Every structure is written in structure tokens, then in C-alpha cells.
Amino acid sequence: MTTTFGEILETFDFLDDWEDRYKYLIDLGKELPELSDSERTDANKVRGCVSQVWLITSTSAGANGAPILTFKGDSDALIVQGLVAIVTALFNGKTAQEILDTDVEGIFAELGLQEHLTPQRSNGLKSMVGRIRNDAQEALAAA
């Protein structure tokens with residue numbers, strides 16, 4: 001996916017109607033590269049999501065040795081796939097510390113996600129973010 005989080009924010013600001021935002025979410029999800037069957041493993045599955053969600057984390061060392069994380073993800077549900085796209089766009093290429101310092105609730109409030117998602121999708125979104133934060137903590141501990 002080549003859409004940046006900044007572009008996602010701009011588009012959400014531009015779209016007033018939540019029907020249009022849901023359509024945009026679905027389009028974002030369709031931009032995600034499809035995971036192979038070998039990547040759709042139990043180890044990559046995000047717990048706490050009603051839909052099936054897979055998240056793959058890669059870590060590399062930045063210029064100053066700080067761990068930088070990148071993510072690939074997918075879901076079997078269209079809107080959730082769009083949420084995966086938002087989360088990966090938000091966190092891809094950030095250091096582990098930047099991920100831990102990100103005000104996710106504030107960002108999601110700015111997008112209006114909390115009040116427009118079902119409780120199940122909202123819990124799934126929290127589970128994805130929790131998994132990413134956990135991966136960031138593990139990367140910091142290993143560095």
C-alpha cells in the first residue's frame with residue numbers, strides 16, 4: 001500500500017459522510033498486498049478480533065541502532081481490512097519508541113473511528129494496536 005497516514009487523514013477530513021468513509025476504508029483495505037497462505041498462520045493471527053486478522057512484524061536497525069518496525073496485514077472482512085490498512089500506515093517505518101509514544105486514541109478520535117465502529121470492530125482495532133505495541137516493546141527489549 002502506498003497511501004500514507006497523512007493522506008488518509010486528509011481524505012477523512014474531506015469526506016463528510018460516514019457512508020463515504022466506510023467506502024474509503026474498504027478501498028484502503030483492497031490496496032493492501034495480499035498475504036500468502038503460508039503467512040496466514042496461527043502465530044500471525046491477532047487475538048481479540050472477531051474477524052480473522054493476520055499481522056506480520058519485521059524489525060530492522062535504524063541509523064542510530066533504534067529498532068524500526070514495518071508491518072504487513074490482512075483480514076477476511078472488508079472494513080476490518082481497511083482498519084488494518086490504517087494501522088499499518090500509521091505505524092510502518094516508525095521506531096519502536098515512536099510507536100509506544102503515539103497517542104493512538106487521540107488519532108482515532110480525530111478520524112472519528114471510535115463512535116462509528118461497532119463494539120466488535122473497535123475491540124479488534126484495540127487488539128491490533130495492542131499487538132503492535134507489544135511487538136515494539138519486544139523490539140526495544142531486544143535492542
# chains A, B, ... in the order shown; residues from 1 in each chain; ligands from 1

$ select_by_dssp --residues "range 17-138 of chain A" --states "alpha helix (DSSP H)" --output "ChimeraX atom specification"
/A:18-31,78-91,96-101,104-111,113-116,119-138

$ residues_around --residues "range 41-45 of chain A" --least-positions-apart "6" --cutoff "12 Å" --atoms "only C-alpha atoms" --output "list in words"
Leu35, Ser51, Gln52, Val53, Trp54, Leu55, Ile56, Thr57, Ser58, Phe71, Lys72, Gly73, Asp74, Ser75, Asp76, Gly124, Ser127, Met128, Arg131, Ile132 and Asp135 of chain A

$ closest_residue --among "A:Gly48, A:Pro119, A:Gly6, A:Gly82" --to "Asp27 in chain A" --atoms "only C-alpha atoms"
A:Gly82

$ closest_residue --among "A:Ala109, A:Ser38, A:Ala61, A:Asn92" --to "Ala143 in chain A" --atoms "only C-alpha atoms"
A:Ala61

$ residues_around --residues "range 9-26 of chain A" --least-positions-apart "3" --cutoff "7 Å" --atoms "only C-alpha atoms" --output "count of residues only"
9

$ residues_around --residues "range 99-102 of chain A" --least-positions-apart "2" --cutoff "9 Å" --atoms "only C-alpha atoms" --output "PyMOL selection string"
chain A and resi 69+90-91+94-97+104-107+132-134+136-137

$ closest_residue --among "A:Ala139, A:Glu39, A:Glu110, A:Val50" --to "Ser122 in chain A" --atoms "only C-alpha atoms"
A:Val50

$ atom_distance --atom1 "CA of Ala141 in chain A" --atom2 "CA of Thr4 in chain A"
28.1 Å

$ atom_distance --atom1 "CA of Asp103 in chain A" --atom2 "CA of Ala66 in chain A"
19.9 Å

$ decode --residues "range 43-55 of chain A" --atoms "all heavy atoms" --output "PDB file, in the first residue's frame"
ATOM      1  N   ALA A  43       0.330 -18.149  14.349  1.00  0.00           N
ATOM      2  CA  ALA A  43       1.292 -17.267  15.024  1.00  0.00           C
ATOM      3  C   ALA A  43       1.122 -15.810  14.604  1.00  0.00           C
ATOM      4  O   ALA A  43       1.393 -14.899  15.391  1.00  0.00           O
ATOM      5  CB  ALA A  43       2.715 -17.728  14.728  1.00  0.00           C
ATOM      6  N   ASN A  44       0.666 -15.573  13.378  1.00  0.00           N
ATOM      7  CA  ASN A  44       0.474 -14.211  12.882  1.00  0.00           C
ATOM      8  C   ASN A  44      -0.932 -13.674  13.143  1.00  0.00           C
ATOM      9  O   ASN A  44      -1.202 -12.511  12.862  1.00  0.00           O
ATOM     10  CB  ASN A  44       0.763 -14.146  11.378  1.00  0.00           C
ATOM     11  CG  ASN A  44       2.232 -14.334  11.080  1.00  0.00           C
ATOM     12  OD1 ASN A  44       3.090 -14.019  11.894  1.00  0.00           O
ATOM     13  ND2 ASN A  44       2.530 -14.880   9.913  1.00  0.00           N
ATOM     14  N   LYS A  45      -1.798 -14.508  13.661  1.00  0.00           N
ATOM     15  CA  LYS A  45      -3.181 -14.104  13.915  1.00  0.00           C
ATOM     16  C   LYS A  45      -3.247 -13.155  15.105  1.00  0.00           C
ATOM     17  O   LYS A  45      -2.555 -13.334  16.102  1.00  0.00           O
ATOM     18  CB  LYS A  45      -4.033 -15.340  14.191  1.00  0.00           C
ATOM     19  CG  LYS A  45      -5.466 -15.184  13.790  1.00  0.00           C
ATOM     20  CD  LYS A  45      -6.181 -16.501  13.978  1.00  0.00           C
ATOM     21  CE  LYS A  45      -6.970 -16.793  12.730  1.00  0.00           C
ATOM     22  NZ  LYS A  45      -7.836 -17.923  12.904  1.00  0.00           N
ATOM     23  N   VAL A  46      -4.082 -12.129  14.978  1.00  0.00           N
ATOM     24  CA  VAL A  46      -4.291 -11.171  16.067  1.00  0.00           C
ATOM     25  C   VAL A  46      -5.428 -11.687  16.926  1.00  0.00           C
ATOM     26  O   VAL A  46      -6.539 -11.900  16.433  1.00  0.00           O
ATOM     27  CB  VAL A  46      -4.608  -9.768  15.518  1.00  0.00           C
ATOM     28  CG1 VAL A  46      -4.905  -8.800  16.658  1.00  0.00           C
ATOM     29  CG2 VAL A  46      -3.463  -9.257  14.657  1.00  0.00           C
ATOM     30  N   ARG A  47      -5.158 -11.888  18.188  1.00  0.00           N
ATOM     31  CA  ARG A  47      -6.177 -12.358  19.135  1.00  0.00           C
ATOM     32  C   ARG A  47      -7.071 -11.194  19.537  1.00  0.00           C
ATOM     33  O   ARG A  47      -6.611 -10.060  19.653  1.00  0.00           O
ATOM     34  CB  ARG A  47      -5.519 -12.939  20.393  1.00  0.00           C
ATOM     35  CG  ARG A  47      -4.488 -13.996  20.109  1.00  0.00           C
ATOM     36  CD  ARG A  47      -5.118 -15.316  19.704  1.00  0.00           C
ATOM     37  NE  ARG A  47      -4.068 -16.244  19.314  1.00  0.00           N
ATOM     38  CZ  ARG A  47      -4.011 -16.824  18.127  1.00  0.00           C
ATOM     39  NH1 ARG A  47      -4.912 -16.582  17.225  1.00  0.00           N
ATOM     40  NH2 ARG A  47      -3.039 -17.665  17.836  1.00  0.00           N
ATOM     41  N   GLY A  48      -8.346 -11.480  19.756  1.00  0.00           N
ATOM     42  CA  GLY A  48      -9.277 -10.449  20.201  1.00  0.00           C
ATOM     43  C   GLY A  48     -10.078  -9.827  19.076  1.00  0.00           C
ATOM     44  O   GLY A  48     -10.865  -8.919  19.317  1.00  0.00           O
ATOM     45  N   CYS A  49      -9.879 -10.300  17.868  1.00  0.00           N
ATOM     46  CA  CYS A  49     -10.648  -9.803  16.729  1.00  0.00           C
ATOM     47  C   CYS A  49     -11.718 -10.828  16.376  1.00  0.00           C
ATOM     48  O   CYS A  49     -11.425 -12.029  16.321  1.00  0.00           O
ATOM     49  CB  CYS A  49      -9.748  -9.586  15.519  1.00  0.00           C
ATOM     50  SG  CYS A  49      -8.507  -8.299  15.750  1.00  0.00           S
ATOM     51  N   VAL A  50     -12.929 -10.364  16.123  1.00  0.00           N
ATOM     52  CA  VAL A  50     -13.997 -11.273  15.711  1.00  0.00           C
ATOM     53  C   VAL A  50     -13.696 -11.788  14.309  1.00  0.00           C
ATOM     54  O   VAL A  50     -13.802 -12.971  14.032  1.00  0.00           O
ATOM     55  CB  VAL A  50     -15.373 -10.571  15.775  1.00  0.00           C
ATOM     56  CG1 VAL A  50     -16.455 -11.449  15.191  1.00  0.00           C
ATOM     57  CG2 VAL A  50     -15.710 -10.193  17.211  1.00  0.00           C
ATOM     58  N   SER A  51     -13.293 -10.881  13.421  1.00  0.00           N
ATOM     59  CA  SER A  51     -12.864 -11.279  12.085  1.00  0.00           C
ATOM     60  C   SER A  51     -11.459 -11.861  12.193  1.00  0.00           C
ATOM     61  O   SER A  51     -10.752 -11.614  13.165  1.00  0.00           O
ATOM     62  CB  SER A  51     -12.809 -10.068  11.150  1.00  0.00           C
ATOM     63  OG  SER A  51     -14.051  -9.424  11.100  1.00  0.00           O
ATOM     64  N   GLN A  52     -11.067 -12.584  11.187  1.00  0.00           N
ATOM     65  CA  GLN A  52      -9.696 -13.082  11.169  1.00  0.00           C
ATOM     66  C   GLN A  52      -8.778 -11.952  10.706  1.00  0.00           C
ATOM     67  O   GLN A  52      -9.021 -11.332   9.675  1.00  0.00           O
ATOM     68  CB  GLN A  52      -9.577 -14.279  10.240  1.00  0.00           C
ATOM     69  CG  GLN A  52     -10.324 -15.491  10.754  1.00  0.00           C
ATOM     70  CD  GLN A  52      -9.923 -16.723   9.994  1.00  0.00           C
ATOM     71  OE1 GLN A  52      -8.863 -17.293  10.234  1.00  0.00           O
ATOM     72  NE2 GLN A  52     -10.774 -17.126   9.064  1.00  0.00           N
ATOM     73  N   VAL A  53      -7.744 -11.699  11.494  1.00  0.00           N
ATOM     74  CA  VAL A  53      -6.764 -10.664  11.172  1.00  0.00           C
ATOM     75  C   VAL A  53      -5.386 -11.263  11.367  1.00  0.00           C
ATOM     76  O   VAL A  53      -5.121 -11.905  12.384  1.00  0.00           O
ATOM     77  CB  VAL A  53      -6.928  -9.423  12.078  1.00  0.00           C
ATOM     78  CG1 VAL A  53      -5.827  -8.406  11.797  1.00  0.00           C
ATOM     79  CG2 VAL A  53      -8.296  -8.793  11.904  1.00  0.00           C
ATOM     80  N   TRP A  54      -4.524 -11.054  10.375  1.00  0.00           N
ATOM     81  CA  TRP A  54      -3.136 -11.503  10.453  1.00  0.00           C
ATOM     82  C   TRP A  54      -2.250 -10.279  10.384  1.00  0.00           C
ATOM     83  O   TRP A  54      -2.487  -9.360   9.597  1.00  0.00           O
ATOM     84  CB  TRP A  54      -2.797 -12.452   9.313  1.00  0.00           C
ATOM     85  CG  TRP A  54      -3.622 -13.688   9.322  1.00  0.00           C
ATOM     86  CD1 TRP A  54      -3.360 -14.864   9.984  1.00  0.00           C
ATOM     87  CD2 TRP A  54      -4.863 -13.904   8.641  1.00  0.00           C
ATOM     88  NE1 TRP A  54      -4.362 -15.770   9.751  1.00  0.00           N
ATOM     89  CE2 TRP A  54      -5.300 -15.213   8.932  1.00  0.00           C
ATOM     90  CE3 TRP A  54      -5.663 -13.111   7.821  1.00  0.00           C
ATOM     91  CZ2 TRP A  54      -6.478 -15.739   8.435  1.00  0.00           C
ATOM     92  CZ3 TRP A  54      -6.842 -13.632   7.326  1.00  0.00           C
ATOM     93  CH2 TRP A  54      -7.226 -14.940   7.630  1.00  0.00           C
ATOM     94  N   LEU A  55      -1.202 -10.285  11.192  1.00  0.00           N
ATOM     95  CA  LEU A  55      -0.270  -9.174  11.225  1.00  0.00           C
ATOM     96  C   LEU A  55       1.145  -9.729  11.307  1.00  0.00           C
ATOM     97  O   LEU A  55       1.446 -10.558  12.170  1.00  0.00           O
ATOM     98  CB  LEU A  55      -0.566  -8.295  12.442  1.00  0.00           C
ATOM     99  CG  LEU A  55       0.157  -6.962  12.525  1.00  0.00           C
ATOM    100  CD1 LEU A  55      -0.260  -6.049  11.376  1.00  0.00           C
ATOM    101  CD2 LEU A  55      -0.157  -6.299  13.855  1.00  0.00           C
TER     102      LEU A  55
END
